[in-house]
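Text of work-v8.tsv, listed as TSV, C-alpha atoms:
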```
chain	number	residue	atom	x	y	z
U	1	MET	CA	0.00	0.00	0.00
U	2	CYS	CA	2.80	2.40	0.88
U	3	ALA	CA	4.61	1.60	-2.38
U	4	GLN	CA	1.47	2.28	-4.38
U	5	LYS	CA	0.79	5.53	-2.55
U	6	LEU	CA	4.33	6.73	-3.23
U	7	LEU	CA	4.11	5.92	-6.93
U	8	SER	CA	0.80	7.72	-7.24
U	9	ALA	CA	2.26	10.75	-5.44
U	10	VAL	CA	5.10	11.47	-7.87
U	11	GLY	CA	3.21	14.36	-9.42
U	12	ARG	CA	2.08	15.76	-6.05
U	13	ALA	CA	5.60	15.65	-4.66
U	14	GLY	CA	6.72	17.97	-7.44
U	15	GLN	CA	4.28	20.62	-6.20
U	16	LEU	CA	5.52	20.54	-2.60
U	17	THR	CA	8.03	23.11	-1.29
U	18	ALA	CA	10.60	22.84	1.48
U	19	PHE	CA	12.87	25.40	3.16
U	20	VAL	CA	15.75	23.69	4.97
U	21	GLY	CA	18.84	24.84	6.92
U	22	LEU	CA	21.13	25.89	8.43
U	23	ASP	CA	24.36	23.87	8.44
U	24	GLY	CA	26.85	22.58	5.88
U	25	PHE	CA	29.81	20.19	6.00
U	26	VAL	CA	32.28	18.47	3.76
U	27	ASP	CA	32.19	14.81	4.83
U	28	GLU	CA	35.06	12.38	4.43
U	29	ILE	CA	33.87	8.79	4.94
U	30	LEU	CA	36.80	6.84	6.37
U	31	HIS	CA	37.78	3.28	7.26
U	32	VAL	CA	40.17	2.61	10.13
U	33	VAL	CA	42.88	0.13	9.19
U	34	ASP	CA	43.37	-2.85	11.51
U	35	LYS	CA	45.89	-4.83	9.42
U	36	ARG	CA	47.61	-3.65	6.24
U	37	ILE	CA	47.94	-6.66	3.88
U	38	ASP	CA	49.71	-4.92	1.03
U	39	ALA	CA	49.73	-1.56	-0.76
U	40	HIS	CA	46.12	-2.02	-1.85
U	41	LYS	CA	44.51	-4.43	0.62
U	42	TYR	CA	43.76	-4.01	4.29
U	43	GLU	CA	41.44	-5.27	7.03
U	44	CYS	CA	39.19	-2.72	8.75
U	45	VAL	CA	38.77	-2.26	12.47
U	46	PRO	CA	35.30	-3.81	12.66
U	47	ALA	CA	33.89	-2.32	15.85
U	48	ILE	CA	34.12	0.91	17.81
U	49	ALA	CA	35.09	-0.99	20.96
U	50	ARG	CA	38.17	-2.42	19.19
U	51	LEU	CA	39.33	1.10	18.25
U	52	ALA	CA	38.74	2.19	21.84
U	53	GLU	CA	40.92	-0.66	23.07
U	54	ARG	CA	43.66	0.26	20.63
U	55	ILE	CA	43.62	3.89	21.73
U	56	ALA	CA	43.58	2.90	25.42
U	57	GLU	CA	46.59	0.62	24.89
U	58	ALA	CA	48.53	3.65	23.62
U	59	ALA	CA	48.08	5.63	26.84
U	60	GLY	CA	51.47	6.68	28.18
U	61	ARG	CA	53.11	5.69	24.91
U	62	SER	CA	51.96	6.49	21.37
U	63	THR	CA	50.37	4.81	18.37
U	64	ASN	CA	49.71	5.26	14.69
U	65	ILE	CA	46.24	4.81	13.22
U	66	GLU	CA	45.75	4.75	9.46
U	67	LEU	CA	42.57	6.16	7.93
U	68	VAL	CA	41.53	5.34	4.36
U	69	ASN	CA	39.17	7.71	2.55
U	70	GLN	CA	36.20	5.94	0.96
U	71	LEU	CA	34.25	8.96	-0.21
U	72	THR	CA	34.23	12.75	0.00
U	73	LYS	CA	30.70	14.09	-0.19
U	74	LEU	CA	28.34	16.84	0.82
U	75	GLY	CA	27.62	16.63	4.52
U	76	GLY	CA	25.69	18.16	7.35
U	77	ASN	CA	22.22	17.18	8.47
U	78	GLY	CA	20.62	19.95	6.44
U	79	PRO	CA	22.26	19.40	3.04
U	80	ILE	CA	21.77	15.62	3.21
U	81	MET	CA	18.11	15.95	4.20
U	82	ALA	CA	17.47	18.68	1.62
U	83	ASN	CA	19.25	16.76	-1.13
U	84	THR	CA	17.10	13.73	-0.34
U	85	LEU	CA	13.90	15.78	-0.46
U	86	ALA	CA	14.98	17.20	-3.82
U	87	GLY	CA	15.55	13.65	-5.03
U	88	PHE	CA	11.93	12.88	-4.13
U	89	GLY	CA	10.94	15.70	-6.48
U	90	LEU	CA	10.20	18.49	-3.99
U	91	LYS	CA	11.06	22.11	-4.77
U	92	VAL	CA	13.73	22.76	-2.15
U	93	THR	CA	15.35	25.98	-0.98
U	94	TYR	CA	18.47	25.46	1.14
U	95	LEU	CA	20.25	28.01	3.32
U	96	GLY	CA	23.43	27.20	5.20
U	97	ASN	CA	27.22	27.37	5.28
U	98	LEU	CA	28.30	25.75	2.03
U	99	GLY	CA	31.12	28.11	1.10
U	100	TYR	CA	31.41	31.90	1.04
U	101	PRO	CA	31.66	33.91	-1.11
U	102	HIS	CA	31.87	30.90	-3.47
U	103	LEU	CA	30.10	27.56	-3.13
U	104	HIS	CA	32.40	24.66	-2.20
U	105	PRO	CA	32.69	22.24	-5.17
U	106	VAL	CA	31.28	19.32	-3.17
U	107	PHE	CA	27.87	21.06	-3.16
U	108	GLU	CA	27.72	21.79	-6.90
U	109	GLU	CA	25.53	18.78	-7.78
U	110	PHE	CA	23.20	19.62	-4.88
U	111	ALA	CA	22.88	23.16	-6.25
U	112	LYS	CA	21.63	21.70	-9.55
U	113	ARG	CA	18.77	19.91	-7.74
U	114	ALA	CA	17.76	22.68	-5.33
U	115	GLU	CA	17.81	26.44	-4.90
U	116	VAL	CA	20.92	26.80	-2.73
U	117	TYR	CA	22.20	29.82	-0.78
U	118	SER	CA	25.30	29.97	1.40
U	119	ILE	CA	26.37	32.52	4.01
U	120	ALA	CA	29.60	30.99	5.40
U	121	GLU	CA	32.34	28.45	4.86
U	122	PRO	CA	31.44	24.77	5.48
U	123	GLY	CA	32.56	22.71	8.43
U	124	HIS	CA	34.47	19.46	7.94
U	125	THR	CA	33.69	15.99	9.27
U	126	ASP	CA	35.89	12.91	9.37
U	127	ALA	CA	33.33	10.10	9.65
U	128	LEU	CA	34.95	6.90	10.89
U	129	GLU	CA	32.56	4.07	9.97
U	130	PHE	CA	32.39	0.67	11.65
U	131	GLU	CA	30.06	-2.31	11.47
U	132	ASP	CA	28.35	-1.22	14.70
U	133	GLY	CA	28.20	2.55	14.24
U	134	LYS	CA	30.28	5.60	13.43
U	135	ILE	CA	32.45	8.24	15.08
U	136	MET	CA	32.11	11.76	13.72
U	137	LEU	CA	35.17	13.96	14.19
U	138	GLY	CA	34.16	17.50	13.33
U	139	LYS	CA	35.81	20.87	12.69
U	140	HIS	CA	33.08	23.40	13.45
U	141	SER	CA	34.64	26.86	13.71
U	142	SER	CA	32.86	28.24	10.62
U	143	LEU	CA	29.43	27.47	12.07
U	144	LYS	CA	29.73	30.43	14.42
U	145	ASP	CA	29.15	32.59	11.31
U	146	VAL	CA	25.62	31.19	10.95
U	147	HIS	CA	23.60	33.79	12.85
U	148	TRP	CA	20.63	36.08	12.29
U	149	THR	CA	22.69	39.12	11.24
U	150	ASN	CA	24.57	37.20	8.54
U	151	ILE	CA	21.36	35.54	7.37
U	152	GLN	CA	19.75	38.94	6.83
U	153	GLU	CA	22.82	40.55	5.26
U	154	ARG	CA	24.03	37.69	3.03
U	155	PHE	CA	20.73	35.94	2.22
U	156	GLY	CA	18.19	38.70	2.76
U	157	ARG	CA	15.48	39.34	5.30
U	158	ASP	CA	12.69	39.58	2.72
U	159	LYS	CA	13.85	36.44	0.94
U	160	PHE	CA	13.95	34.56	4.25
U	161	SER	CA	10.48	35.84	5.16
U	162	ASP	CA	9.11	34.69	1.80
U	163	ARG	CA	10.44	31.12	2.21
U	164	PHE	CA	9.48	30.96	5.89
U	165	GLN	CA	5.91	32.07	5.23
U	166	GLY	CA	5.32	30.15	2.02
U	167	SER	CA	6.98	26.70	2.23
U	168	ASP	CA	4.99	23.54	2.90
U	169	LEU	CA	7.83	22.23	5.09
U	170	ILE	CA	10.35	24.19	7.14
U	171	ALA	CA	13.21	22.19	8.65
U	172	PHE	CA	15.91	23.45	10.99
U	173	VAL	CA	18.46	20.77	11.82
U	174	ASN	CA	21.85	20.36	13.49
U	175	TRP	CA	21.06	22.68	16.41
U	176	THR	CA	23.95	21.21	18.43
U	177	MET	CA	26.68	22.42	16.11
U	178	ILE	CA	25.24	25.86	15.34
U	179	PRO	CA	25.85	27.98	18.45
U	180	TYR	CA	23.41	30.74	17.46
U	181	MET	CA	20.53	28.56	16.22
U	182	SER	CA	18.40	29.23	19.30
U	183	ASP	CA	18.87	32.97	18.77
U	184	VAL	CA	17.65	32.57	15.18
U	185	TRP	CA	14.55	30.74	16.42
U	186	GLU	CA	13.85	33.48	18.95
U	187	ALA	CA	14.14	36.11	16.21
U	188	LEU	CA	11.69	34.21	14.01
U	189	GLN	CA	9.17	33.88	16.82
U	190	ARG	CA	9.51	37.56	17.64
U	191	GLU	CA	9.62	39.03	14.14
U	192	PHE	CA	7.84	36.65	11.73
U	193	CYS	CA	5.55	34.18	13.48
U	194	PRO	CA	2.93	36.66	14.76
U	195	ALA	CA	2.19	37.71	11.15
U	196	LEU	CA	1.75	34.16	9.78
U	197	LYS	CA	-1.56	33.51	8.05
U	198	GLY	CA	-3.24	30.64	6.28
U	199	PRO	CA	-3.37	26.92	7.10
U	200	ARG	CA	-0.93	25.31	9.48
U	201	ARG	CA	2.15	23.92	7.79
U	202	LYS	CA	4.79	21.36	8.79
U	203	MET	CA	7.93	22.22	10.74
U	204	PHE	CA	10.70	19.72	11.50
U	205	PHE	CA	13.58	19.87	14.00
U	206	ASP	CA	16.59	17.63	14.58
U	207	LEU	CA	18.87	18.57	17.48
U	208	ALA	CA	21.69	16.27	16.26
U	209	ASP	CA	23.44	14.65	19.23
U	210	PRO	CA	23.15	17.37	21.90
U	211	GLU	CA	25.43	15.59	24.42
U	212	LYS	CA	28.11	18.29	24.28
U	213	ARG	CA	25.65	21.15	24.96
U	214	THR	CA	24.71	22.14	28.50
U	215	ALA	CA	21.40	21.13	30.06
U	216	GLN	CA	20.48	24.82	30.16
U	217	ASP	CA	21.09	25.24	26.41
U	218	ILE	CA	19.12	22.08	25.61
U	219	THR	CA	16.22	23.16	27.79
U	220	ARG	CA	16.08	26.54	26.06
U	221	ALA	CA	16.09	24.91	22.63
U	222	LEU	CA	13.28	22.53	23.59
U	223	GLN	CA	11.20	25.40	24.95
U	224	LEU	CA	11.63	27.33	21.70
U	225	ILE	CA	10.68	24.29	19.61
U	226	VAL	CA	7.50	23.84	21.67
U	227	ARG	CA	6.60	27.52	21.12
U	228	PHE	CA	6.58	26.95	17.34
U	229	GLU	CA	3.67	24.53	17.86
U	230	LYS	CA	1.43	27.58	18.22
U	231	TYR	CA	1.98	28.28	14.51
U	232	PHE	CA	2.97	24.93	12.92
U	233	ASP	CA	2.48	21.19	13.18
U	234	VAL	CA	5.89	20.58	14.75
U	235	MET	CA	7.83	17.33	14.35
U	236	LEU	CA	10.91	16.60	16.47
U	237	GLY	CA	13.23	13.82	15.27
U	238	LEU	CA	15.62	11.96	17.58
U	239	ASN	CA	17.78	8.88	17.35
U	240	GLU	CA	17.94	6.44	20.28
U	241	LYS	CA	20.94	8.11	21.93
U	242	GLU	CA	19.40	11.58	21.60
U	243	ALA	CA	16.08	10.40	23.05
U	244	ASN	CA	17.84	9.17	26.18
U	245	GLU	CA	19.87	12.37	26.46
U	246	ILE	CA	16.73	14.53	26.19
U	247	ALA	CA	14.98	12.31	28.73
U	248	GLU	CA	17.79	12.92	31.20
U	249	VAL	CA	17.60	16.68	30.73
U	250	LEU	CA	13.84	16.54	31.33
U	251	GLY	CA	14.29	14.50	34.51
U	252	LEU	CA	13.20	11.16	33.04
U	253	ASN	CA	16.24	9.35	34.36
U	254	ARG	CA	16.03	5.96	32.72
U	255	LYS	CA	17.57	4.39	29.65
U	256	ALA	CA	15.47	2.77	26.94
U	257	HIS	CA	17.20	0.15	24.80
U	258	ASN	CA	14.35	-1.81	23.19
U	259	ALA	CA	11.18	-0.98	21.30
U	260	GLU	CA	8.82	-1.45	24.25
U	261	ALA	CA	10.85	0.73	26.62
U	262	LEU	CA	11.50	3.32	23.92
U	263	SER	CA	7.78	3.51	23.15
U	264	LEU	CA	7.03	4.24	26.81
U	265	LEU	CA	9.78	6.83	26.89
U	266	ALA	CA	8.44	8.42	23.71
U	267	ARG	CA	5.03	8.85	25.34
U	268	ASP	CA	6.61	10.47	28.38
U	269	LEU	CA	8.76	12.77	26.23
U	270	ARG	CA	5.76	13.94	24.24
U	271	ALA	CA	3.88	14.59	27.50
U	272	ARG	CA	6.72	16.93	28.49
U	273	LEU	CA	7.07	18.34	24.95
U	274	PRO	CA	3.52	18.91	23.65
U	275	LEU	CA	4.34	18.72	19.94
U	276	HIS	CA	2.33	17.39	17.03
U	277	THR	CA	4.68	14.44	16.49
U	278	LEU	CA	7.77	13.02	18.18
U	279	VAL	CA	9.86	10.59	16.12
U	280	ILE	CA	12.63	8.27	17.35
U	281	HIS	CA	14.72	6.19	14.93
U	282	PRO	CA	17.13	3.55	16.26
U	283	VAL	CA	19.10	1.46	13.77
U	284	SER	CA	16.72	-1.41	13.00
U	285	TYR	CA	13.31	0.22	13.55
U	286	ALA	CA	11.65	3.57	14.18
U	287	LEU	CA	8.61	4.91	15.98
U	288	ALA	CA	6.41	7.99	16.05
U	289	VAL	CA	4.12	9.19	18.81
U	290	GLY	CA	1.25	11.58	18.21
U	291	ALA	CA	-2.28	12.16	19.43
U	292	ASP	CA	-3.29	8.64	18.35
U	293	GLY	CA	-0.53	6.82	20.24
U	294	VAL	CA	2.74	5.15	19.28
U	295	ASP	CA	3.46	3.45	15.93
U	296	VAL	CA	6.53	1.19	15.71
U	297	VAL	CA	7.82	0.06	12.31
U	298	LYS	CA	10.74	-2.26	11.58
U	299	GLY	CA	13.17	-1.19	8.90
U	300	PRO	CA	15.05	-3.09	6.17
U	301	TYR	CA	18.07	-3.65	8.40
U	302	ILE	CA	21.34	-4.98	6.99
U	303	SER	CA	24.37	-5.90	9.09
U	304	LYS	CA	27.02	-4.53	6.72
U	305	PRO	CA	25.86	-1.26	5.14
U	306	LYS	CA	27.83	0.53	2.44
U	307	ILE	CA	27.47	3.79	4.37
U	308	THR	CA	25.84	4.93	7.60
U	309	THR	CA	26.70	8.64	7.77
U	310	GLY	CA	23.52	10.41	6.65
U	311	ALA	CA	21.15	7.49	7.29
U	312	GLY	CA	19.23	9.44	9.92
U	313	ASP	CA	18.89	12.43	7.59
U	314	HIS	CA	17.42	10.16	4.92
U	315	PHE	CA	14.97	8.82	7.49
U	316	ASN	CA	13.97	12.38	8.38
U	317	ALA	CA	13.42	13.27	4.73
U	318	GLY	CA	11.32	10.16	4.14
U	319	PHE	CA	9.23	10.72	7.25
U	320	CYS	CA	8.59	14.37	6.37
U	321	LEU	CA	7.64	13.35	2.84
U	322	GLY	CA	5.04	10.97	4.25
U	323	LYS	CA	3.56	13.64	6.48
U	324	LEU	CA	3.46	16.16	3.62
U	325	LEU	CA	1.59	13.61	1.50
U	326	GLY	CA	-0.98	13.11	4.25
U	327	PHE	CA	0.20	9.65	5.37
U	328	ASP	CA	-0.52	8.59	8.94
U	329	ASN	CA	2.39	8.17	11.37
U	330	ALA	CA	2.88	4.46	10.70
U	331	MET	CA	3.12	4.89	6.94
U	332	SER	CA	5.30	7.98	7.32
U	333	VAL	CA	7.70	6.02	9.53
U	334	LEU	CA	7.69	3.23	6.93
U	335	THR	CA	8.61	5.76	4.25
U	336	GLY	CA	11.40	7.02	6.51
U	337	VAL	CA	12.97	3.64	7.27
U	338	THR	CA	12.73	2.70	3.59
U	339	ALA	CA	14.57	5.86	2.53
U	340	SER	CA	17.24	5.18	5.12
U	341	GLY	CA	17.43	1.50	4.15
U	342	TYR	CA	17.88	2.31	0.47
U	343	TYR	CA	20.66	4.78	1.27
U	344	VAL	CA	22.73	2.46	3.49
U	345	ARG	CA	22.49	-0.27	0.83
U	346	THR	CA	23.49	1.87	-2.13
U	347	ALA	CA	25.22	5.00	-0.75
U	348	THR	CA	22.85	7.00	-2.94
U	349	SER	CA	19.59	8.85	-2.30
U	350	PRO	CA	16.41	7.25	-3.67
U	351	SER	CA	13.70	8.51	-5.99
U	352	LEU	CA	10.07	7.70	-5.24
U	353	PRO	CA	10.02	4.77	-7.71
U	354	GLN	CA	13.16	3.38	-6.06
U	355	LEU	CA	11.52	3.66	-2.63
U	356	ALA	CA	8.51	1.78	-3.95
U	357	ALA	CA	10.74	-0.93	-5.44
U	358	LEU	CA	12.49	-1.53	-2.11
U	359	LEU	CA	9.16	-1.68	-0.28
U	360	ARG	CA	7.97	-4.39	-2.67
U	361	LYS	CA	11.07	-6.51	-1.97
U	362	TRP	CA	10.28	-6.89	1.72
U	363	PRO	CA	10.74	-9.02	3.73
U	364	GLY	CA	14.20	-10.44	3.79
U	365	LYS	CA	16.03	-8.48	1.11
```

Show how you would write the structure in this file as structure tokens.
Amino acid sequence: MCAQKLLSAVGRAGQLTAFVGLDGFVDEILHVVDKRIDAHKYECVPAIARLAERIAEAAGRSTNIELVNQLTKLGGNGPIMANTLAGFGLKVTYLGNLGYPHLHPVFEEFAKRAEVYSIAEPGHTDALEFEDGKIMLGKHSSLKDVHWTNIQERFGRDKFSDRFQGSDLIAFVNWTMIPYMSDVWEALQREFCPALKGPRRKMFFDLADPEKRTAQDITRALQLIVRFEKYFDVMLGLNEKEANEIAEVLGLNRKAHNAEALSLLARDLRARLPLHTLVIHPVSYALAVGADGVDVVKGPYISKPKITTGAGDHFNAGFCLGKLLGFDNAMSVLTGVTASGYYVRTATSPSLPQLAALLRKWPGK
């Protein structure tokens, strides 16, 4: 049913608009070498714990760790999500730090698929990928240039107002790495939101691993996100780690590590954060909680993906697509896990026909 709905929505998707921001990174996807066989062959460190052991063994001495580049690509939660939405056929406007005054070459293909604006130089991420997860080593200094003054001067206040007031979906992601994101949200609530008219539209947020931010900063961000619910149908996306971190900040001091416990935690989080929809996406499944309860959907999990960096952003794009098309939470989550599943299998972003094709292969492939 989901596959058929997606195929029938190809034309509708092309009429939908999205305004996404505000980050931008150049990602290097890297393998960590365990054993070098010869000049061309090597064995990877398979698990994060093994790398941790190797680093710990070097304490008080030293060690050498070889990294092998697999791919250099556009990065950042915003560009990956926006690029995926554009691949679905949406008309996307992107604003972030993708190179200034000139666009970084890694974003040139993205700029052919979407209307892209940049106000600062990109950050850089070394993404160390393992069979059981990834470690993101980031250089973030340029993200301090993403603030309300630069947005108005280098992008334009009127242009921002037009996209903010007219897009079907507005998505602000990677709050953790953008130090002035909360100030931008406050400015929007103060200067633009009171004048909004027309039907309620969709708004999506992804904090992006807030562990390094203080509890006070996280609390402020959550309060601002909740305030947007007055004007939009707000969706907050979290992965499993982020859900537990937010729970701790809100005083829900327990860890959820399975679908049943995470569903209960999701209900409690939404009770504290009265938003339209709260979404949590672990590796092998995802869930959404709204007014009608919790929907849990298994994904097309594979044990050895081609790539994992950006999988969550593909899920977010797929979920938002479902909500824009009027799908219920369960089918929107299914669209999200399918988009993520396609990406980790192929290292490419799917079209709607490709999403439908993967859905029709389930189960077991």

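For the set U:Ala291, U:Ile218, U:Ile48, U:Ala18, the residue with the smallest atom-to-atom gap to Phe204 (chain U) is U:Ala18, counting only C-alpha atoms.
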
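Of the listed residues (U:His281, U:Arg12, U:Arg50, U:Arg213), U:His281 comes nearest to Asn239 (chain U); the distances count all atoms listed in the file.
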
**OP:** Go ahead and compute the interatomic distance for CA of Gly14 (chain U) and CA of Gly312 (chain U), in Å to one decimal.
**Re:** 23.0 Å

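Non-sequential neighbours of Gln15 (chain U) (distance at most 10 Å, separation of 5 or more positions within a chain, only C-alpha atoms) are Val10, Gly89, Leu90, Lys91 and Asp168 of chain U.
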
**OP:** Would you mind listing what lies within 8 Å of region 320-329 of chain U as a list in words, with all atoms listed in the file counted and same-chain residues fewer than 4 positions away left out?
**Re:** Ala9, Arg12, Ala13, Leu16, Leu85, Asp168, Leu169, Lys202, Phe204, Ala288, Val289, Gly290, Asp295, Asn316, Val333, Thr335 and Gly336 of chain U

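Note that CA of Phe205 (chain U) and CA of Leu238 (chain U) are 8.9 Å apart.
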
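The nearest approach to Glu229 (chain U) among the residues U:Pro274, U:Gly299, U:Pro353, U:Pro199, with only C-alpha atoms taken into account, belongs to U:Pro274.
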
Could you give me the axis-aligned bounding box of region 232-249 of chain U, with 4 Å of padding per side, as centre plus edge lengths in Å to one decimal, as AutoDock Vina command-line options?
```
--center_x 11.7 --center_y 15.7 --center_z 22.1 --size_x 26.5 --size_y 26.5 --size_z 26.3
```

Original post:
In terms of the shortest atom-to-atom distance over all atoms listed in the file, which of U:Gly11, U:Gly60, U:Gly78, U:Pro179 is closest to Asn97 (chain U)?
Top reply: U:Gly78

Original post:
What separation in Å, quoted to one decimal, exists between CA of Leu30 (chain U) and CA of Gly138 (chain U)?
Top reply: 13.0 Å
